[in-house]
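> Provided below: target-v4.cif, containing mmCIF, C-alpha atoms.
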```cif
data_entry
#
loop_
_atom_site.label_atom_id
_atom_site.label_comp_id
_atom_site.auth_asym_id
_atom_site.auth_seq_id
_atom_site.Cartn_x
_atom_site.Cartn_y
_atom_site.Cartn_z
CA MET A 261 0.00 0.00 0.00
CA PRO A 262 1.27 3.54 -0.70
CA ALA A 263 2.21 5.78 2.23
CA LEU A 264 -0.71 7.63 3.78
CA PRO A 265 -0.62 11.43 3.47
CA LEU A 266 0.07 13.32 6.72
CA GLY A 267 -3.60 14.30 7.13
CA ASP A 268 -4.74 10.66 7.03
CA ALA A 269 -1.84 9.20 9.01
CA GLY A 270 -2.02 11.82 11.80
CA PRO A 271 -5.12 10.41 13.56
CA TYR A 272 -3.65 6.89 13.57
CA VAL A 273 -0.37 8.07 15.08
CA ALA A 274 -2.22 10.24 17.63
CA ALA A 275 -4.49 7.31 18.52
CA ALA A 276 -1.52 4.98 19.11
CA TYR A 277 0.29 7.45 21.39
CA LEU A 278 -2.95 8.29 23.23
CA VAL A 279 -3.55 4.58 23.87
CA PHE A 280 -0.11 4.37 25.49
CA LEU A 281 -0.71 7.50 27.54
CA ALA A 282 -4.14 6.29 28.64
CA LEU A 283 -2.77 2.88 29.68
CA VAL A 284 -0.03 4.43 31.80
CA LEU A 285 -2.33 7.03 33.36
CA ILE A 286 -5.04 4.51 34.22
CA TYR A 287 -2.45 2.17 35.74
CA VAL A 288 -0.80 4.91 37.79
CA ALA A 289 -4.18 6.25 38.96
CA ILE A 290 -5.34 2.80 40.11
CA MET A 291 -2.05 2.11 41.86
CA ALA A 292 -1.96 5.54 43.49
CA THR A 293 -5.46 5.04 44.90
CA LYS A 294 -4.56 1.60 46.26
CA LEU A 295 -1.23 2.75 47.68
CA GLY A 296 -2.74 5.77 49.40
CA ARG A 297 -5.44 3.64 51.01
CA VAL A 298 -2.97 0.99 52.14
CA GLU A 299 -0.51 3.48 53.60
CA LYS A 300 -3.27 5.18 55.59
CA GLU A 301 -4.54 1.88 56.97
CA ILE A 302 -1.02 0.73 57.85
CA SER A 303 -0.33 3.81 59.91
CA GLU A 304 -3.70 3.46 61.71
CA LEU A 305 -3.12 -0.20 62.48
CA ALA A 306 0.45 0.41 63.63
CA GLU A 307 -0.84 3.00 66.09
CA ILE A 308 -3.42 0.57 67.49
CA VAL A 309 -0.81 -2.18 67.88
CA GLU A 310 1.57 0.16 69.69
CA ARG A 311 -1.23 1.37 72.00
CA ARG A 312 -2.20 -2.23 72.85
CA GLU A 313 1.39 -3.19 73.56
CA ARG A 314 1.78 -0.19 75.87
CA GLU A 315 -1.44 -1.16 77.69
CA ARG A 316 -0.17 -4.73 78.09
CA GLU A 317 3.11 -3.47 79.57
CA THR A 318 1.41 -1.19 82.11
CA ALA A 319 -1.44 -3.53 83.13
CA PRO A 320 0.57 -5.99 85.36
CA GLU A 321 2.05 -3.12 87.42
CA GLU A 322 -1.43 -1.73 88.18
CA GLN A 323 -2.66 -5.20 89.19
CA ARG A 324 0.28 -5.61 91.61
CA VAL A 325 -0.57 -2.29 93.33
CA MET B 51 11.49 -5.61 53.10
CA THR B 52 11.61 -2.31 51.17
CA PHE B 53 10.78 -2.50 47.49
CA GLY B 54 10.29 1.22 46.94
CA ARG B 55 13.96 2.17 47.32
CA GLY B 56 15.23 4.19 44.35
CA LEU B 57 11.73 4.71 43.00
CA ARG B 58 12.02 8.49 42.90
CA PRO B 59 15.14 8.74 40.68
CA LEU B 60 13.77 5.95 38.51
CA SER B 61 10.48 7.81 38.03
CA ILE B 62 12.33 11.00 37.08
CA ALA B 63 14.58 9.09 34.66
CA SER B 64 11.54 7.43 33.06
CA ALA B 65 9.71 10.73 32.63
CA VAL B 66 12.80 12.40 31.11
CA LEU B 67 13.59 9.48 28.80
CA ILE B 68 10.01 8.98 27.58
CA THR B 69 9.53 12.72 26.99
CA GLY B 70 12.91 12.89 25.24
CA ALA B 71 12.09 9.86 23.12
CA PHE B 72 8.76 11.32 21.99
CA ALA B 73 10.45 14.64 21.23
CA LEU B 74 13.00 12.78 19.09
CA VAL B 75 10.22 10.83 17.36
CA PHE B 76 8.31 13.92 16.28
CA PHE B 77 11.05 16.57 15.90
CA TYR B 78 14.24 14.68 15.00
CA ALA B 79 13.57 11.36 13.29
CA PRO B 80 12.73 11.77 9.59
CA ASN B 81 9.55 10.41 8.06
CA ASP B 82 9.95 6.96 6.58
CA ALA B 83 10.35 7.04 2.80
CA ASP B 84 8.01 4.08 2.32
CA GLN B 85 5.35 4.46 5.01
CA GLY B 86 5.53 8.18 5.72
CA PHE B 87 4.30 9.71 8.98
CA VAL B 88 2.45 6.59 10.15
CA GLN B 89 5.80 4.85 10.73
CA LYS B 90 6.13 6.99 13.92
CA ILE B 91 4.04 4.29 15.62
CA PHE B 92 7.08 2.01 15.25
CA TYR B 93 8.93 3.91 18.03
CA LEU B 94 6.13 3.08 20.44
CA HIS B 95 4.90 -0.31 19.28
CA VAL B 96 8.24 -2.13 18.99
CA PRO B 97 9.72 -1.00 22.36
CA LEU B 98 6.43 -1.94 24.05
CA ALA B 99 6.56 -5.42 22.50
CA ILE B 100 10.28 -5.98 23.25
CA VAL B 101 10.00 -4.80 26.87
CA ALA B 102 6.85 -6.91 27.41
CA LEU B 103 8.62 -10.04 26.12
CA CYS B 104 11.73 -9.32 28.23
CA GLY B 105 9.45 -8.84 31.24
CA PHE B 106 7.88 -12.25 30.65
CA VAL B 107 11.37 -13.79 30.60
CA ALA B 108 12.26 -11.87 33.80
CA GLY B 109 9.14 -13.39 35.39
CA GLY B 110 10.53 -16.82 34.54
CA ILE B 111 13.94 -15.97 35.99
CA TYR B 112 12.34 -14.89 39.27
CA GLY B 113 10.35 -18.12 39.14
CA ILE B 114 13.65 -20.06 39.05
CA LEU B 115 14.99 -17.97 41.95
CA TYR B 116 11.85 -18.71 43.96
CA LEU B 117 12.09 -22.46 43.40
CA ARG B 118 15.79 -22.42 44.36
CA SER B 119 15.46 -20.27 47.48
CA ASN B 120 11.80 -20.59 48.53
CA ASP B 121 11.92 -16.84 49.15
CA ARG B 122 8.41 -15.39 48.72
CA ALA B 123 9.83 -12.05 47.60
CA HIS B 124 10.95 -13.72 44.35
CA ASP B 125 7.43 -15.03 43.78
CA LEU B 126 6.11 -11.50 44.25
CA ARG B 127 8.73 -10.15 41.82
CA SER B 128 7.77 -12.78 39.24
CA TYR B 129 4.05 -12.05 39.65
CA VAL B 130 4.49 -8.29 39.27
CA ALA B 131 6.89 -8.66 36.29
CA ILE B 132 4.29 -10.74 34.44
CA HIS B 133 1.47 -8.39 35.43
CA ILE B 134 3.26 -5.30 34.08
CA SER B 135 4.32 -7.23 30.96
CA LEU B 136 0.68 -8.09 30.27
CA ILE B 137 -0.21 -4.38 30.38
CA PHE B 138 2.66 -3.58 28.02
CA ALA B 139 1.57 -6.43 25.75
CA VAL B 140 -1.95 -4.98 25.59
CA GLY B 141 -0.35 -1.67 24.55
CA ALA B 142 1.76 -3.45 21.90
CA LEU B 143 -1.29 -5.28 20.51
CA ILE B 144 -3.46 -2.15 20.31
CA THR B 145 -0.76 0.09 18.82
CA GLY B 146 0.19 -2.71 16.40
CA SER B 147 -3.42 -3.02 15.34
CA ILE B 148 -3.66 0.72 14.72
CA TRP B 149 -0.42 0.61 12.69
CA ALA B 150 -1.65 -2.41 10.71
CA ARG B 151 -4.90 -0.62 9.89
CA ALA B 152 -3.03 2.46 8.68
CA SER B 153 -0.36 0.54 6.74
CA TRP B 154 -2.07 -2.61 5.48
CA GLY B 155 -5.72 -1.58 5.60
CA HIS B 156 -6.61 -4.29 8.16
CA TRP B 157 -6.78 -4.23 11.95
CA TRP B 158 -5.35 -7.74 12.14
CA VAL B 159 -3.65 -10.14 9.69
CA TRP B 160 -4.00 -13.77 10.67
CA ASP B 161 -1.38 -15.18 8.27
CA GLU B 162 1.41 -13.02 9.70
CA PRO B 163 3.58 -15.16 12.07
CA THR B 164 4.89 -12.23 14.15
CA LEU B 165 1.42 -10.99 15.03
CA VAL B 166 -0.10 -14.38 15.70
CA SER B 167 2.87 -15.59 17.74
CA PHE B 168 2.74 -12.46 19.92
CA LEU B 169 -0.99 -13.02 20.43
CA ILE B 170 -0.28 -16.65 21.44
CA VAL B 171 2.31 -15.49 23.98
CA PHE B 172 -0.15 -12.89 25.29
CA LEU B 173 -2.97 -15.44 25.62
CA LEU B 174 -0.59 -17.89 27.30
CA TYR B 175 0.29 -15.32 29.95
CA ALA B 176 -3.36 -14.30 30.25
CA CYS B 177 -3.81 -17.74 31.87
CA TYR B 178 -1.26 -16.90 34.58
CA GLN B 179 -3.59 -14.91 36.83
CA PRO B 180 -6.50 -17.40 36.64
CA LEU B 181 -4.02 -20.20 37.39
CA ARG B 182 -2.85 -18.42 40.54
CA PHE B 183 -6.39 -17.60 41.57
CA SER B 184 -7.47 -21.23 41.21
CA ILE B 185 -4.96 -22.40 43.86
CA GLU B 186 -5.87 -21.59 47.44
CA ASP B 187 -2.80 -22.82 49.28
CA PRO B 188 -0.19 -19.99 49.07
CA GLU B 189 2.76 -22.42 49.01
CA ARG B 190 1.37 -24.44 46.12
CA GLN B 191 0.19 -21.28 44.37
CA ALA B 192 3.70 -19.82 44.41
CA ARG B 193 5.29 -23.13 43.31
CA TYR B 194 2.90 -23.83 40.42
CA ALA B 195 2.99 -20.20 39.28
CA SER B 196 6.80 -20.32 39.25
CA VAL B 197 6.78 -23.48 37.14
CA PHE B 198 4.32 -21.83 34.74
CA ALA B 199 6.46 -18.66 34.58
CA ILE B 200 9.59 -20.70 33.82
CA VAL B 201 8.01 -22.86 31.09
CA ALA B 202 6.27 -19.87 29.48
CA GLY B 203 9.45 -17.79 29.88
CA VAL B 204 11.43 -20.39 27.92
CA PHE B 205 8.71 -20.42 25.26
CA VAL B 206 9.09 -16.66 24.64
CA PRO B 207 12.63 -16.63 23.11
CA LEU B 208 12.00 -19.96 21.34
CA ASN B 209 8.87 -18.51 19.80
CA PHE B 210 10.73 -15.32 18.87
CA MET B 211 13.51 -17.28 17.14
CA ALA B 212 11.03 -19.50 15.30
CA VAL B 213 9.24 -16.46 13.95
CA ARG B 214 12.51 -14.80 12.90
CA LEU B 215 13.43 -17.93 10.99
CA ALA B 216 10.08 -17.95 9.20
CA GLU B 217 10.61 -15.38 6.47
CA SER B 218 7.72 -13.06 5.85
CA LEU B 219 7.22 -10.16 3.50
CA ALA B 220 4.40 -8.53 5.42
CA HIS B 221 6.00 -7.66 8.77
CA PRO B 222 9.08 -5.43 8.31
CA ARG B 223 12.47 -6.53 9.67
CA VAL B 224 14.46 -3.45 10.59
CA LEU B 225 16.49 -4.84 13.48
CA SER B 226 19.02 -7.45 12.47
CA THR B 227 22.64 -8.45 13.10
CA THR B 228 23.64 -7.00 9.73
CA GLY B 229 22.48 -3.54 10.68
CA GLY B 230 19.05 -3.66 9.11
CA ALA B 231 17.55 -0.92 7.00
CA MET B 232 17.26 1.79 9.65
CA PRO B 233 19.26 5.00 9.17
CA GLY B 234 21.34 6.38 12.06
CA ASP B 235 18.90 9.07 13.27
CA MET B 236 16.02 6.61 13.24
CA ARG B 237 18.10 4.01 15.05
CA MET B 238 19.12 6.51 17.71
CA THR B 239 15.48 7.57 18.24
CA PHE B 240 14.44 3.95 18.48
CA LEU B 241 17.16 3.16 21.04
CA VAL B 242 16.15 6.11 23.24
CA SER B 243 12.52 4.95 23.01
CA LEU B 244 13.55 1.42 23.95
CA VAL B 245 15.63 2.55 26.95
CA GLY B 246 12.82 4.89 28.04
CA MET B 247 10.26 2.09 27.81
CA ALA B 248 12.53 -0.29 29.75
CA CYS B 249 13.03 2.38 32.41
CA LEU B 250 9.25 2.91 32.61
CA TYR B 251 8.76 -0.84 32.99
CA VAL B 252 11.24 -1.05 35.88
CA THR B 253 9.64 1.99 37.54
CA LEU B 254 6.14 0.52 37.34
CA TRP B 255 7.48 -2.85 38.51
CA LYS B 256 9.06 -1.33 41.61
CA TYR B 257 5.99 0.84 42.15
CA GLU B 258 3.68 -2.17 42.16
CA LEU B 259 6.11 -4.20 44.30
CA ALA B 260 6.07 -1.43 46.89
CA ALA B 261 2.27 -1.29 46.80
CA LYS B 262 1.87 -5.07 47.11
CA SER B 263 4.44 -5.22 49.90
CA ALA B 264 2.57 -2.50 51.81
CA SER B 265 -0.67 -4.42 51.30
CA ILE B 266 0.91 -7.63 52.64
CA GLN B 267 2.27 -5.77 55.69
CA LEU B 268 -1.20 -4.38 56.30
CA ARG B 269 -2.69 -7.88 56.26
CA SER B 270 -0.02 -9.06 58.67
CA LEU B 271 -0.85 -6.22 61.08
CA ARG B 272 -4.53 -7.04 60.85
CA ARG B 273 -3.75 -10.63 61.80
CA ARG B 274 -1.74 -9.42 64.77
CA LEU B 275 -4.68 -7.33 65.93
CA ALA B 276 -7.13 -10.20 65.55
CA GLY B 277 -5.11 -12.17 68.12
CA ASP B 278 -3.99 -15.81 68.03
CA GLU B 279 -7.47 -17.30 68.39
CA GLY B 280 -9.46 -15.07 66.08
CA LEU B 281 -7.22 -14.98 63.04
CA ALA B 282 -9.15 -13.65 60.07
CA PRO B 283 -8.95 -16.15 57.17
CA LEU B 284 -6.96 -15.02 54.14
CA GLN B 285 -9.11 -14.15 51.15
CA ARG B 286 -8.30 -16.03 47.96
CA SER B 287 -6.23 -13.88 45.64
CA ALA B 288 -4.12 -14.25 42.50
CA ALA B 289 -1.46 -12.01 44.05
CA PRO B 290 1.02 -13.39 46.61
CA GLN B 291 -0.30 -12.82 50.13
CA GLN B 292 2.77 -13.50 52.24
CA LEU B 293 6.39 -12.42 52.21
#
```
Show me this structure written as structure tokens.

Amino acid sequence: MPALPLGDAGPYVAAAYLVFLALVLIYVAIMATKLGRVEKEISELAEIVERRERERETAPEEQRV
Amino acid sequence: MTFGRGLRPLSIASAVLITGAFALVFFYAPNDADQGFVQKIFYLHVPLAIVALCGFVAGGIYGILYLRSNDRAHDLRSYVAIHISLIFAVGALITGSIWARASWGHWWVWDEPTLVSFLIVFLLYACYQPLRFSIEDPERQARYASVFAIVAGVFVPLNFMAVRLAESLAHPRVLSTTGGAMPGDMRMTFLVSLVGMACLYVTLWKYELAAKSASIQLRSLRRRLAGDEGLAPLQRSAAPQQL
């Protein structure tokens, strides 16, 4: 087939590069959402664990008194 | 275990390389004498396909490392490598289809070995996630998935060589040991695109590893909070759930 003129080839080239851009952006957006949620939950859970451990350490002393 | 180390410089390098590559594609590389402007898709489609195939092989290598060491981190690396490669392969298939439509007048050509073989590899790896999901026991899941990744990883270069040996007039061969038919400025643009794409792959791989690792740590903390008696059962998942 003969080469397409610039006017006809342009939309195909733009479509190909937009597909790539869309794939990367969708992937990054999904991962960013997941990562943000996970990081928030990790910090919350870590705080609860630390609080419980502190309570466990102090509880026997109070019982002895 | 920290998977996110070095992610920031890698992300910057990927952004710079990909932007630079696209700038070279549109402002430096000349239009192809035969195909004209539509050949610009080559600088996107071919690096996507090459990096996807290399990623599949990397998944197999991490599968070998897992079977040798029984280290769950290698299973996670293998899983993520194959996952990212599948996304890149989707990109290669779509951009290839667009290029085929513009150049050959068809979205897909079934008698072209390169296209069909790539589709076979893609479909083969599309079975990887369902395979993992079908196995509940994490130990067996990791072992079977590693065996799959190794066998499929060996198939990728064999398939590539078989296709290269099968001469075809439809799919162009511009990369060869004899130098091919690509002029210097086109070759340089292509190499920058390839390095940029590889860098993007590694960035996304590390990014997902860090995310999965954080998710696994979260699950571990949840189990600690539930106590020894009331351990919450692990939900079935295709992704590795332990490190």
> Neighbouring residues of Ala274 of chain A were defined as those with any atom within 12 Å, considering only C-alpha atoms; residues of the same chain fewer than 3 positions away were excluded. Please report them as a list in words.
Leu266, Gly267, Asp268, Ala269, Gly270, Pro271, Tyr277, Leu278, Val279, Phe280, Leu281 and Ala282 of chain A; Phe72, Phe76, Phe87, Val88, Gln89, Lys90, Ile91, Leu94, Thr145, Ile148, Trp149 and Ala152 of chain B
> Any idea which chain A residues end up within 10 Å of chain B if we count only C-alpha atoms, as an NGL selection string please?
:A and (261-284 or 287-288 or 291-292 or 294-306 or 308-309 or 312)
> Could you spell out the hits of the PyMOL selection byres ((chain B and resi 108) around 9) on the shown file, as a VMD selection string?
chain B and resid 103 to 107 109 to 113 127 to 128 131 to 132 199 203
> Kindly give the distance, in Å, that separates atom CA of Ser287 of chain B and atom CA of Leu259 of chain B, rounded to a single decimal.
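Calculated distance between atom CA of Ser287 of chain B and atom CA of Leu259 of chain B is 15.7 Å.
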> Considering all atoms listed in the file, can you say which of B:Leu241, B:Ile114, B:Ala212, B:Ala139 comes closest to Leu169 of chain B?
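Of the candidates, the smallest distance to Leu169 of chain B is held by B:Ala139.
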> So what do you get for atom CA of Asp125 of chain B versus atom CA of Arg273 of chain B, distance-wise?
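Atom-to-atom, atom CA of Asp125 of chain B and atom CA of Arg273 of chain B are spaced 21.7 Å apart.
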> Quick one: residues within 9 Å of Phe168 of chain B, all atoms listed in the file, excluding same-chain residues fewer than 2 positions away - as number ranges by chain?
B: 99, 103, 139, 143, 163-166, 170-173, 206, 209-210
> Please, which residues are within 12 Å of (-0.7, -21.1, 39.8) by the file's coordinates, counting all atoms listed in the file, and could they come as a VMD selection string?
chain B and resid 113 125 128 to 129 175 177 to 200 287 to 290
> Those selected residues, please, written with C-alpha atoms and delivered as a PDB file, in the frame of the given file.

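The resulting out06.pdb:
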```pdb
ATOM      1  CA  GLY B 113      10.350 -18.120  39.140  1.00  0.00           C
ATOM      2  CA  ASP B 125       7.430 -15.030  43.780  1.00  0.00           C
ATOM      3  CA  SER B 128       7.770 -12.780  39.240  1.00  0.00           C
ATOM      4  CA  TYR B 129       4.050 -12.050  39.650  1.00  0.00           C
ATOM      5  CA  TYR B 175       0.290 -15.320  29.950  1.00  0.00           C
ATOM      6  CA  CYS B 177      -3.810 -17.740  31.870  1.00  0.00           C
ATOM      7  CA  TYR B 178      -1.260 -16.900  34.580  1.00  0.00           C
ATOM      8  CA  GLN B 179      -3.590 -14.910  36.830  1.00  0.00           C
ATOM      9  CA  PRO B 180      -6.500 -17.400  36.640  1.00  0.00           C
ATOM     10  CA  LEU B 181      -4.020 -20.200  37.390  1.00  0.00           C
ATOM     11  CA  ARG B 182      -2.850 -18.420  40.540  1.00  0.00           C
ATOM     12  CA  PHE B 183      -6.390 -17.600  41.570  1.00  0.00           C
ATOM     13  CA  SER B 184      -7.470 -21.230  41.210  1.00  0.00           C
ATOM     14  CA  ILE B 185      -4.960 -22.400  43.860  1.00  0.00           C
ATOM     15  CA  GLU B 186      -5.870 -21.590  47.440  1.00  0.00           C
ATOM     16  CA  ASP B 187      -2.800 -22.820  49.280  1.00  0.00           C
ATOM     17  CA  PRO B 188      -0.190 -19.990  49.070  1.00  0.00           C
ATOM     18  CA  GLU B 189       2.760 -22.420  49.010  1.00  0.00           C
ATOM     19  CA  ARG B 190       1.370 -24.440  46.120  1.00  0.00           C
ATOM     20  CA  GLN B 191       0.190 -21.280  44.370  1.00  0.00           C
ATOM     21  CA  ALA B 192       3.700 -19.820  44.410  1.00  0.00           C
ATOM     22  CA  ARG B 193       5.290 -23.130  43.310  1.00  0.00           C
ATOM     23  CA  TYR B 194       2.900 -23.830  40.420  1.00  0.00           C
ATOM     24  CA  ALA B 195       2.990 -20.200  39.280  1.00  0.00           C
ATOM     25  CA  SER B 196       6.800 -20.320  39.250  1.00  0.00           C
ATOM     26  CA  VAL B 197       6.780 -23.480  37.140  1.00  0.00           C
ATOM     27  CA  PHE B 198       4.320 -21.830  34.740  1.00  0.00           C
ATOM     28  CA  ALA B 199       6.460 -18.660  34.580  1.00  0.00           C
ATOM     29  CA  ILE B 200       9.590 -20.700  33.820  1.00  0.00           C
ATOM     30  CA  SER B 287      -6.230 -13.880  45.640  1.00  0.00           C
ATOM     31  CA  ALA B 288      -4.120 -14.250  42.500  1.00  0.00           C
ATOM     32  CA  ALA B 289      -1.460 -12.010  44.050  1.00  0.00           C
ATOM     33  CA  PRO B 290       1.020 -13.390  46.610  1.00  0.00           C
TER      34      PRO B 290
END
```
> Could you expand the PyMOL selection byres ((chain B and resi 236) around 12) into the explicit residues it covers here, written as a PDB file with C-alpha atoms, in the frame of the given file?

```
ATOM      1  CA  ALA B  71      12.090   9.860  23.120  1.00  0.00           C
ATOM      2  CA  LEU B  74      13.000  12.780  19.090  1.00  0.00           C
ATOM      3  CA  VAL B  75      10.220  10.830  17.360  1.00  0.00           C
ATOM      4  CA  PHE B  76       8.310  13.920  16.280  1.00  0.00           C
ATOM      5  CA  PHE B  77      11.050  16.570  15.900  1.00  0.00           C
ATOM      6  CA  TYR B  78      14.240  14.680  15.000  1.00  0.00           C
ATOM      7  CA  ALA B  79      13.570  11.360  13.290  1.00  0.00           C
ATOM      8  CA  PRO B  80      12.730  11.770   9.590  1.00  0.00           C
ATOM      9  CA  ASN B  81       9.550  10.410   8.060  1.00  0.00           C
ATOM     10  CA  ASP B  82       9.950   6.960   6.580  1.00  0.00           C
ATOM     11  CA  ALA B  83      10.350   7.040   2.800  1.00  0.00           C
ATOM     12  CA  GLN B  89       5.800   4.850  10.730  1.00  0.00           C
ATOM     13  CA  LYS B  90       6.130   6.990  13.920  1.00  0.00           C
ATOM     14  CA  PHE B  92       7.080   2.010  15.250  1.00  0.00           C
ATOM     15  CA  TYR B  93       8.930   3.910  18.030  1.00  0.00           C
ATOM     16  CA  VAL B 224      14.460  -3.450  10.590  1.00  0.00           C
ATOM     17  CA  LEU B 225      16.490  -4.840  13.480  1.00  0.00           C
ATOM     18  CA  GLY B 230      19.050  -3.660   9.110  1.00  0.00           C
ATOM     19  CA  ALA B 231      17.550  -0.920   7.000  1.00  0.00           C
ATOM     20  CA  MET B 232      17.260   1.790   9.650  1.00  0.00           C
ATOM     21  CA  PRO B 233      19.260   5.000   9.170  1.00  0.00           C
ATOM     22  CA  GLY B 234      21.340   6.380  12.060  1.00  0.00           C
ATOM     23  CA  ASP B 235      18.900   9.070  13.270  1.00  0.00           C
ATOM     24  CA  ARG B 237      18.100   4.010  15.050  1.00  0.00           C
ATOM     25  CA  MET B 238      19.120   6.510  17.710  1.00  0.00           C
ATOM     26  CA  THR B 239      15.480   7.570  18.240  1.00  0.00           C
ATOM     27  CA  PHE B 240      14.440   3.950  18.480  1.00  0.00           C
ATOM     28  CA  LEU B 241      17.160   3.160  21.040  1.00  0.00           C
ATOM     29  CA  VAL B 242      16.150   6.110  23.240  1.00  0.00           C
ATOM     30  CA  SER B 243      12.520   4.950  23.010  1.00  0.00           C
TER      31      SER B 243
END
```
